[in-house]
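Dumped model.txt below, it's compact mmCIF, C-alpha atoms:
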```txt
# COMPACT_ATOMS: atom_id res chain seq x y z
CA MET A 278 -8.46 -10.69 -15.17
CA GLU A 279 -5.08 -10.87 -16.91
CA PHE A 280 -3.40 -7.61 -17.92
CA PHE A 281 -0.80 -7.29 -20.68
CA HIS A 282 0.25 -3.70 -19.96
CA PHE A 283 0.41 -1.44 -16.92
CA LEU A 284 0.10 2.32 -17.23
CA GLY A 285 1.12 4.55 -14.34
CA ILE A 286 -0.07 8.15 -14.55
CA ASP A 287 0.91 11.06 -12.31
CA VAL A 288 -1.64 13.87 -12.68
CA SER A 289 -0.96 17.53 -11.99
CA LYS A 290 -2.89 20.67 -12.85
CA ASP A 291 -1.14 21.34 -16.18
CA THR A 292 0.39 18.03 -17.24
CA ILE A 293 0.21 14.26 -16.88
CA ASP A 294 3.32 12.08 -16.75
CA VAL A 295 2.86 8.49 -17.91
CA GLU A 296 4.89 5.32 -17.92
CA LEU A 297 3.76 2.24 -19.80
CA ARG A 298 5.30 -1.12 -18.98
CA ASP A 299 4.67 -4.75 -19.72
CA GLN A 300 5.48 -7.80 -17.62
CA GLN A 301 9.24 -7.24 -18.02
CA GLU A 302 10.19 -3.59 -18.56
CA ALA A 303 9.17 0.00 -19.16
CA LEU A 304 8.16 0.71 -22.75
CA VAL A 305 7.09 4.37 -22.86
CA LYS A 306 7.83 7.40 -20.69
CA CYS A 307 6.09 10.59 -21.81
CA GLN A 308 4.46 13.79 -20.65
CA PHE A 309 1.27 15.30 -22.06
CA LYS A 310 -0.81 18.38 -21.37
CA ASN A 311 -3.73 17.89 -19.00
CA THR A 312 -6.29 18.83 -21.64
CA LYS A 313 -8.72 16.92 -23.83
CA LYS A 314 -6.27 17.32 -26.72
CA GLY A 315 -3.48 16.01 -24.52
CA MET A 316 -5.54 12.90 -23.72
CA LYS A 317 -5.95 12.15 -27.42
CA GLU A 318 -2.20 12.55 -27.96
CA MET A 319 -1.57 10.10 -25.13
CA GLY A 320 -4.00 7.64 -26.73
CA LYS A 321 -2.17 7.83 -30.07
CA LYS A 322 1.16 7.24 -28.36
CA MET A 323 -0.16 4.18 -26.51
CA ALA A 324 -1.79 2.80 -29.68
CA SER A 325 1.59 2.88 -31.44
CA GLN A 326 2.84 0.15 -29.11
CA THR A 327 2.71 -3.45 -30.26
CA GLU A 328 -0.41 -5.35 -29.16
CA PHE A 329 -1.60 -2.45 -26.98
CA ASP A 330 -5.26 -2.70 -25.96
CA TRP A 331 -6.96 -0.46 -23.41
CA VAL A 332 -9.18 -3.34 -22.29
CA LYS A 333 -6.08 -5.42 -21.41
CA THR A 334 -4.25 -2.51 -19.77
CA LEU A 335 -4.40 -1.69 -16.07
CA VAL A 336 -4.31 2.10 -15.69
CA CYS A 337 -3.33 3.23 -12.21
CA LEU A 338 -3.41 6.80 -10.90
CA GLU A 339 -3.74 8.76 -7.69
CA TYR A 340 -6.84 10.84 -7.07
CA THR A 341 -6.09 14.59 -7.36
CA GLY A 342 -9.57 16.09 -7.32
CA ILE A 343 -10.92 17.80 -10.43
CA TYR A 344 -7.52 17.57 -12.15
CA VAL A 345 -8.27 13.96 -13.10
CA ASN A 346 -11.56 14.74 -14.88
CA HIS A 347 -10.22 14.97 -18.46
CA LEU A 348 -8.20 11.79 -17.99
CA LEU A 349 -11.03 9.77 -16.44
CA GLN A 350 -13.48 10.80 -19.15
CA TYR A 351 -11.05 9.69 -21.85
CA LEU A 352 -10.28 6.39 -20.13
CA VAL A 353 -14.00 5.64 -19.62
CA ASP A 354 -14.66 6.29 -23.32
CA GLU A 355 -11.83 3.88 -24.19
CA LYS A 356 -13.23 1.26 -21.79
CA ALA A 357 -9.93 1.09 -19.93
CA CYS A 358 -9.47 -0.77 -16.64
CA ILE A 359 -9.01 2.06 -14.12
CA TRP A 360 -7.49 1.73 -10.66
CA ILE A 361 -7.61 4.88 -8.51
CA GLU A 362 -5.40 4.37 -5.48
CA ARG A 363 -4.76 6.49 -2.41
CA PRO A 364 -1.37 8.26 -2.53
CA LEU A 365 -0.52 7.10 0.99
CA GLN A 366 -1.17 3.47 0.04
CA ILE A 367 1.36 3.65 -2.79
CA LYS A 368 3.84 5.57 -0.66
CA ASN A 369 3.72 2.95 2.12
CA THR A 370 4.74 0.20 -0.32
CA LEU A 371 7.88 1.99 -1.49
CA GLY A 372 9.99 1.60 1.64
CA MET A 373 12.76 4.17 2.08
CA VAL A 374 13.02 6.38 -1.02
CA ARG A 375 14.81 9.58 -1.86
CA GLY A 376 13.78 12.22 -4.32
CA LYS A 377 10.48 12.97 -5.98
CA SER A 378 9.34 14.21 -9.37
CA ASP A 379 6.33 13.70 -11.62
CA LYS A 380 8.33 11.40 -13.90
CA VAL A 381 9.54 9.32 -10.95
CA ASP A 382 6.01 9.19 -9.50
CA ALA A 383 4.64 7.83 -12.81
CA HIS A 384 7.27 5.08 -12.69
CA ARG A 385 6.39 4.21 -9.10
CA ILE A 386 2.67 4.10 -9.86
CA ALA A 387 3.22 1.82 -12.88
CA ASP A 388 5.44 -0.43 -10.76
CA TYR A 389 2.80 -0.50 -8.02
CA ALA A 390 0.10 -1.55 -10.51
CA PHE A 391 2.32 -4.38 -11.79
CA ARG A 392 3.34 -5.66 -8.34
CA TYR A 393 -0.13 -5.54 -6.79
CA GLN A 394 -2.30 -6.40 -9.79
CA ASP A 395 -3.81 -9.31 -7.86
CA GLN A 396 -5.24 -6.78 -5.38
CA VAL A 397 -6.73 -4.45 -7.98
CA ARG A 398 -9.99 -2.66 -7.20
CA LEU A 399 -11.34 -1.36 -10.49
CA TRP A 400 -12.96 2.06 -10.41
CA LYS A 401 -16.40 2.61 -11.90
CA PRO A 402 -17.76 6.08 -12.70
CA SER A 403 -20.63 7.33 -10.57
CA ARG A 404 -23.85 8.60 -12.08
CA PRO A 405 -23.90 12.30 -13.11
CA VAL A 406 -26.44 13.04 -10.37
CA ILE A 407 -23.94 11.80 -7.76
CA ALA A 408 -21.23 14.04 -9.19
CA LYS A 409 -23.67 16.96 -8.96
CA LEU A 410 -24.58 16.10 -5.39
CA LYS A 411 -20.90 15.79 -4.49
CA LYS A 412 -20.18 19.27 -5.85
CA LEU A 413 -23.15 20.80 -4.04
CA THR A 414 -22.12 19.29 -0.70
CA ALA A 415 -18.57 20.59 -1.24
CA ILE A 416 -19.88 24.10 -1.96
CA ARG A 417 -22.02 23.89 1.17
CA ARG A 418 -18.95 23.10 3.31
CA GLN A 419 -17.10 26.06 1.79
CA LEU A 420 -19.99 28.42 2.51
CA ILE A 421 -20.25 27.25 6.12
CA LYS A 422 -16.50 27.69 6.56
CA THR A 423 -16.67 31.20 5.11
CA LYS A 424 -19.57 32.13 7.38
CA ASP A 425 -17.77 30.80 10.46
CA GLN A 426 -14.61 32.74 9.60
CA LEU A 427 -16.51 35.99 9.12
CA SER A 428 -18.55 35.52 12.30
CA LYS A 429 -15.49 34.63 14.36
CA SER A 430 -13.55 37.64 13.07
CA LEU A 431 -16.46 39.97 13.92
CA LYS A 432 -16.84 38.47 17.38
CA GLU A 433 -13.13 38.95 18.13
CA SER A 434 -13.29 42.50 16.85
CA LYS A 435 -16.09 43.26 19.31
CA SER A 436 -14.11 41.79 22.21
CA PHE A 437 -10.68 43.32 21.57
CA GLU A 438 -11.00 46.47 19.44
CA ILE A 439 -12.37 49.92 20.11
CA LYS A 440 -16.00 50.67 19.31
CA GLU A 441 -15.24 52.68 16.14
CA ILE A 442 -13.18 49.86 14.63
CA TYR A 443 -15.80 47.25 15.59
CA THR A 444 -18.59 49.36 14.02
CA LEU A 445 -16.58 49.58 10.78
CA ALA A 446 -15.97 45.81 10.78
CA LYS A 447 -19.65 45.17 11.52
CA ASP A 448 -20.87 47.40 8.68
CA MET A 449 -18.54 45.59 6.25
CA THR A 450 -19.03 42.04 7.51
CA LYS A 451 -22.75 41.74 8.32
CA PRO A 452 -23.89 42.11 4.66
CA LEU A 453 -21.36 39.45 3.63
CA ILE A 454 -22.65 37.03 6.28
CA LYS A 455 -26.24 37.59 5.12
CA GLN A 456 -25.21 36.96 1.51
CA VAL A 457 -23.44 33.74 2.49
CA GLU A 458 -26.51 32.62 4.46
CA LYS A 459 -28.68 33.32 1.41
CA LYS A 460 -26.42 31.24 -0.83
CA LEU A 461 -26.32 28.50 1.80
CA ALA A 462 -30.12 28.31 1.75
CA GLU A 463 -30.04 28.11 -2.06
CA VAL A 464 -27.54 25.24 -1.95
CA ASP A 465 -29.64 23.38 0.62
CA ASN A 466 -32.66 23.72 -1.66
CA LEU A 467 -30.64 22.48 -4.65
CA ILE A 468 -29.43 19.46 -2.67
CA ALA A 469 -32.99 18.65 -1.58
CA THR A 470 -34.29 19.08 -5.14
CA THR A 471 -31.51 16.94 -6.61
CA ILE A 472 -32.37 14.11 -4.23
CA SER A 473 -36.15 14.39 -4.61
CA GLU A 474 -36.00 14.38 -8.43
CA ASP A 475 -34.04 11.11 -8.54
CA GLU A 476 -36.09 8.09 -7.45
CA ARG A 477 -33.08 6.06 -6.27
CA LEU A 478 -31.65 8.90 -4.18
CA LYS A 479 -35.10 9.74 -2.83
CA GLN A 480 -35.53 6.20 -1.54
CA LEU A 481 -32.05 6.08 -0.02
CA ASP A 482 -32.53 9.44 1.70
CA ALA A 483 -35.88 8.38 3.18
CA LYS A 484 -34.32 5.27 4.70
CA ILE A 485 -31.18 6.99 6.00
CA THR A 486 -32.99 9.92 7.62
CA SER A 487 -35.38 7.52 9.34
CA VAL A 488 -32.50 6.66 11.70
CA THR A 489 -32.71 8.79 14.84
CA GLY A 490 -30.12 11.56 14.77
CA ILE A 491 -29.39 11.43 11.03
CA GLY A 492 -30.35 14.54 9.08
CA LYS A 493 -30.46 15.56 5.43
CA VAL A 494 -26.89 16.87 5.31
CA THR A 495 -25.38 13.66 6.67
CA SER A 496 -27.64 11.59 4.44
CA ALA A 497 -26.37 13.37 1.32
CA ALA A 498 -22.76 13.00 2.48
CA VAL A 499 -23.18 9.26 3.09
CA ILE A 500 -24.80 8.76 -0.32
CA VAL A 501 -21.93 10.59 -2.02
CA THR A 502 -19.06 8.92 -0.14
CA THR A 503 -20.48 5.41 -0.66
CA ASN A 504 -21.49 6.12 -4.28
CA GLU A 505 -25.07 5.08 -3.50
CA PHE A 506 -23.71 2.21 -1.38
CA LYS A 507 -22.05 0.66 -4.44
CA ASP A 508 -18.42 1.27 -3.44
CA ILE A 509 -18.84 0.61 0.30
CA GLN A 510 -21.45 -1.95 1.30
CA GLU A 511 -20.27 -2.98 4.76
CA PRO A 512 -20.79 -0.84 7.90
CA LYS A 513 -17.42 -1.83 9.38
CA LYS A 514 -15.59 -0.59 6.31
CA TYR A 515 -17.48 2.69 6.37
CA ALA A 516 -16.83 3.09 10.09
CA CYS A 517 -13.13 2.59 9.38
CA TYR A 518 -13.31 5.06 6.47
CA SER A 519 -14.96 7.58 8.81
CA GLY A 520 -12.30 7.18 11.51
CA ILE A 521 -14.59 5.94 14.28
CA VAL A 522 -13.11 2.46 14.73
CA PRO A 523 -10.80 2.17 17.76
CA TYR A 524 -7.59 0.20 17.19
CA PRO A 525 -5.41 -1.47 19.85
CA ASN A 526 -2.06 0.06 20.76
CA SER A 527 0.08 -2.79 22.05
CA SER A 528 3.24 -4.75 21.35
CA GLY A 529 3.74 -8.24 22.76
CA SER A 530 2.65 -8.19 26.37
CA SER A 531 2.97 -4.40 26.59
CA LYS A 532 -0.16 -2.32 26.27
CA ARG A 533 0.62 1.27 25.32
CA GLY A 534 -2.47 3.11 26.44
CA ARG A 535 -6.10 2.65 25.52
CA GLU A 536 -7.43 1.90 22.06
CA LYS A 537 -7.53 4.91 19.76
CA VAL A 538 -9.20 5.80 16.48
CA SER A 539 -6.96 6.37 13.46
CA HIS A 540 -6.29 9.84 12.07
CA LEU A 541 -6.38 8.32 8.57
CA ALA A 542 -10.03 9.00 7.88
CA ASN A 543 -12.56 11.24 6.18
CA LYS A 544 -12.66 13.97 8.83
CA LYS A 545 -15.69 15.67 7.25
CA ILE A 546 -17.82 12.54 7.61
CA LYS A 547 -16.47 11.97 11.11
CA THR A 548 -17.58 15.45 12.13
CA LEU A 549 -21.06 14.94 10.70
CA LEU A 550 -21.44 11.59 12.49
CA HIS A 551 -20.32 13.26 15.73
CA LEU A 552 -23.05 15.89 15.38
CA CYS A 553 -25.58 13.14 14.64
CA ALA A 554 -24.47 11.21 17.73
CA MET A 555 -24.86 14.31 19.89
CA SER A 556 -28.36 14.77 18.51
CA ALA A 557 -29.22 11.10 19.08
CA ILE A 558 -28.18 11.07 22.76
CA LYS A 559 -30.33 14.13 23.41
CA SER A 560 -33.41 12.54 21.87
CA GLU A 561 -35.60 10.17 23.84
CA GLY A 562 -34.77 6.59 22.96
CA GLU A 563 -32.38 3.71 23.47
CA LEU A 564 -29.26 5.64 22.39
CA LYS A 565 -29.85 8.24 25.08
CA ILE A 566 -30.41 5.46 27.63
CA TYR A 567 -27.27 3.66 26.41
CA TYR A 568 -25.16 6.82 26.68
CA GLU A 569 -26.36 7.71 30.18
CA LYS A 570 -25.88 4.12 31.38
CA LYS A 571 -22.30 3.85 30.11
CA VAL A 572 -21.33 7.26 31.50
CA ALA A 573 -22.83 6.30 34.87
CA GLU A 574 -20.65 3.18 34.80
CA GLY A 575 -17.58 5.40 34.54
CA LYS A 576 -16.89 5.06 30.83
CA ASN A 577 -15.11 7.90 29.05
CA LYS A 578 -17.72 10.19 27.48
CA MET A 579 -15.93 10.48 24.14
CA SER A 580 -15.54 6.70 23.95
CA VAL A 581 -19.26 6.28 24.52
CA ILE A 582 -20.09 8.92 21.90
CA ASN A 583 -17.80 7.10 19.47
CA ALA A 584 -19.71 3.89 20.20
CA VAL A 585 -22.94 5.77 19.39
CA ARG A 586 -21.42 6.91 16.10
CA ASN A 587 -20.69 3.28 15.27
CA LYS A 588 -24.23 2.29 16.12
CA LEU A 589 -25.56 4.98 13.79
CA VAL A 590 -23.39 3.73 10.92
CA HIS A 591 -24.57 0.16 11.44
CA ARG A 592 -28.19 1.30 11.51
CA ILE A 593 -27.77 3.27 8.29
CA PHE A 594 -26.36 0.25 6.49
CA ALA A 595 -28.97 -2.03 8.04
CA VAL A 596 -31.93 -0.05 6.67
CA ILE A 597 -30.29 0.07 3.22
CA ARG A 598 -29.52 -3.64 3.28
CA GLU A 599 -33.01 -4.60 4.44
CA GLU A 600 -34.68 -1.98 2.23
CA ARG A 601 -36.90 -0.53 4.90
CA ARG A 602 -37.07 2.49 7.17
CA TYR A 603 -35.75 2.34 10.69
CA GLU A 604 -38.27 1.32 13.32
CA LYS A 605 -37.58 2.60 16.83
CA ASN A 606 -39.65 -0.10 18.51
CA TYR A 607 -38.66 -2.92 16.15
CA GLU A 608 -38.44 -6.35 17.79
CA PHE A 609 -36.70 -9.27 16.12
CA CYS A 610 -38.60 -12.53 16.41
CA LEU A 611 -37.11 -15.86 15.52
CA VAL A 612 -39.79 -17.97 13.91
CA LYS A 613 -39.31 -21.67 14.50
CA PRO A 614 -39.87 -23.96 11.51
```
Hey, can you dump this file as C-alpha cells for me?
Amino acid sequence: MEFFHFLGIDVSKDTIDVELRDQQEALVKCQFKNTKKGMKEMGKKMASQTEFDWVKTLVCLEYTGIYVNHLLQYLVDEKACIWIERPLQIKNTLGMVRGKSDKVDAHRIADYAFRYQDQVRLWKPSRPVIAKLKKLTAIRRQLIKTKDQLSKSLKESKSFEIKEIYTLAKDMTKPLIKQVEKKLAEVDNLIATTISEDERLKQLDAKITSVTGIGKVTSAAVIVTTNEFKDIQEPKKYACYSGIVPYPNSSGSSKRGREKVSHLANKKIKTLLHLCAMSAIKSEGELKIYYEKKVAEGKNKMSVINAVRNKLVHRIFAVIREERRYEKNYEFCLVKP
C-alpha cells in the first residue's frame, strides 16, 4: 500500500505530540490534549493540510497502555492505517542520539514510519470481549501480587519481631488477605464466565486446556496475547515472544558460553509457561519421561524445562491449527496413495 503522509505521535498521560510529514519534509508539528476533544482538534488540524486523507496516511505510535485509548478509538473511527511499534524497536534504529523530549520523539516516530514503511505491520483492534479478558487477567495479576506481598510481610514479622508486634500485624493483615482472596475468586469466575459466554473463546479454551499442563489461567493469557491467534499464528514466534527460545552466543570461531534465552520477552507469559512445564513433568506421560531421560543424560535441568516449555507452545498452536483437542496417545499415520 502506498502512503502519502506519515504521522508520528508520542503519547503521554496528558498530551499527545504529533508530527506530520510527506515524502520530503515535515509539514505540521503540534501538541494536543489527550482527551476526546483533543483528538477532534488534531483531526481538524490534519484535515487542513492539502490532499490529506486518513486512509492514505500511515500513523505510527508507541504503545503506552491505557493512555492510547482515546487516540486509537479516534483513528479506528477515521479508518486510519495504524502502526503500533515497540519503543525499543524504534530506539534501536536511531543510532547514537542525545536528548529526549515529546516533540523530538514525535519527529523520530514519524521519521521511522517513513523510513521503514515497507516493513509496516498494520494494527487491527481486538474484539471488546478480548479487551475485557485482558483487563480481568491484569487485575488478577495485581491481586496475586498484593496477596503475596501481604503474606510475605506477615511471615517476616513472625520470624523477626516480638510476639506483640506480630499479633498486631496479624490482626491487621489477615482480614486484608481474606478480602484479596475473595476478590481473586470473583475475578476467576468472571474470567471463566467471559470465556464460556463467547463461542469462539470457549472453543479456543477447550483446545488449549486439553494440552497436558495447561490450565485456565495460561489459556486466557495465551488467548489475550495472541489476540485469539490472529496476531501471532506461528509457535516459533510466540516462543520468541515468551522468551523461551535459546540464542547462540558466539563470534567467528569463538563461542562465548552456552546458548541463552533473551531477556526481551513477555515475562508474565514466560512465568506461566514455566509453571505449566513444572506441572507437565510431574504428570504421567511423555513429557515426564522426556524430562527424566534428558536429566539422566546429564542435561541441565533448566535447559530441559525450557525445552518442555517450547513443546507446550508448539502443542497449543498445533491443536488450534488443526482445530481439535490434544490427544495424549495420538499416532500419526502416513496413508499411501
Quiz item: What is the atom CA of A:Ser487-atom CA of A:Gln419 distance in Å, reported with one decimal?
Solution: 27.1 Å
Practice problem: State, in Å with one decimal place, the distance from atom CA of A:Gly575 to atom CA of A:Ser560. | Solution: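 Taking atom CA of A:Gly575 as the start and atom CA of A:Ser560 as the end point, the length is 21.5 Å.
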Quiz item: Neighbours of A:Tyr568 within 9 Å (only C-alpha atoms; same-chain residues fewer than 6 positions away dropped), as a ChimeraX atom specification?
Solution: /A:558,578,581-582,584-585
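Neighbours of A:Glu433 closer than or equal to 10 Å, with all atoms listed in the file counted and sequence neighbours fewer than 5 positions away skipped, come out as Ser428, Glu438 and Tyr443 of chain A.
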Quiz prompt | Residue neighbourhood stretch 456-461 of chain A, 7 Å, all atoms listed in the file, exclusion window fewer than 4 positions, as number ranges by chain | solution = A: 417, 420, 424, 452, 465
Quiz prompt | Interatomic distance, atom CA of A:Gly342 to atom CA of A:Asp475 (Å, one decimal) | solution = 25.0 Å
Quiz item: Skipping near chain neighbours, those fewer than 2 positions away, what residues fall within 10 Å of stretch 278-282 of chain A using all atoms listed in the file, listed as a list in words?
Solution: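 Listed by chain and then number, they are Leu284, Leu297, Arg298, Asp299, Gln300, Gln301, Ala303, Leu304, Glu328, Phe329, Asp330, Trp331, Val332, Lys333, Thr334, Leu335, Val336, Cys358, Ala387, Ala390, Phe391, Gln394, Asp395 and Val397 of chain A.
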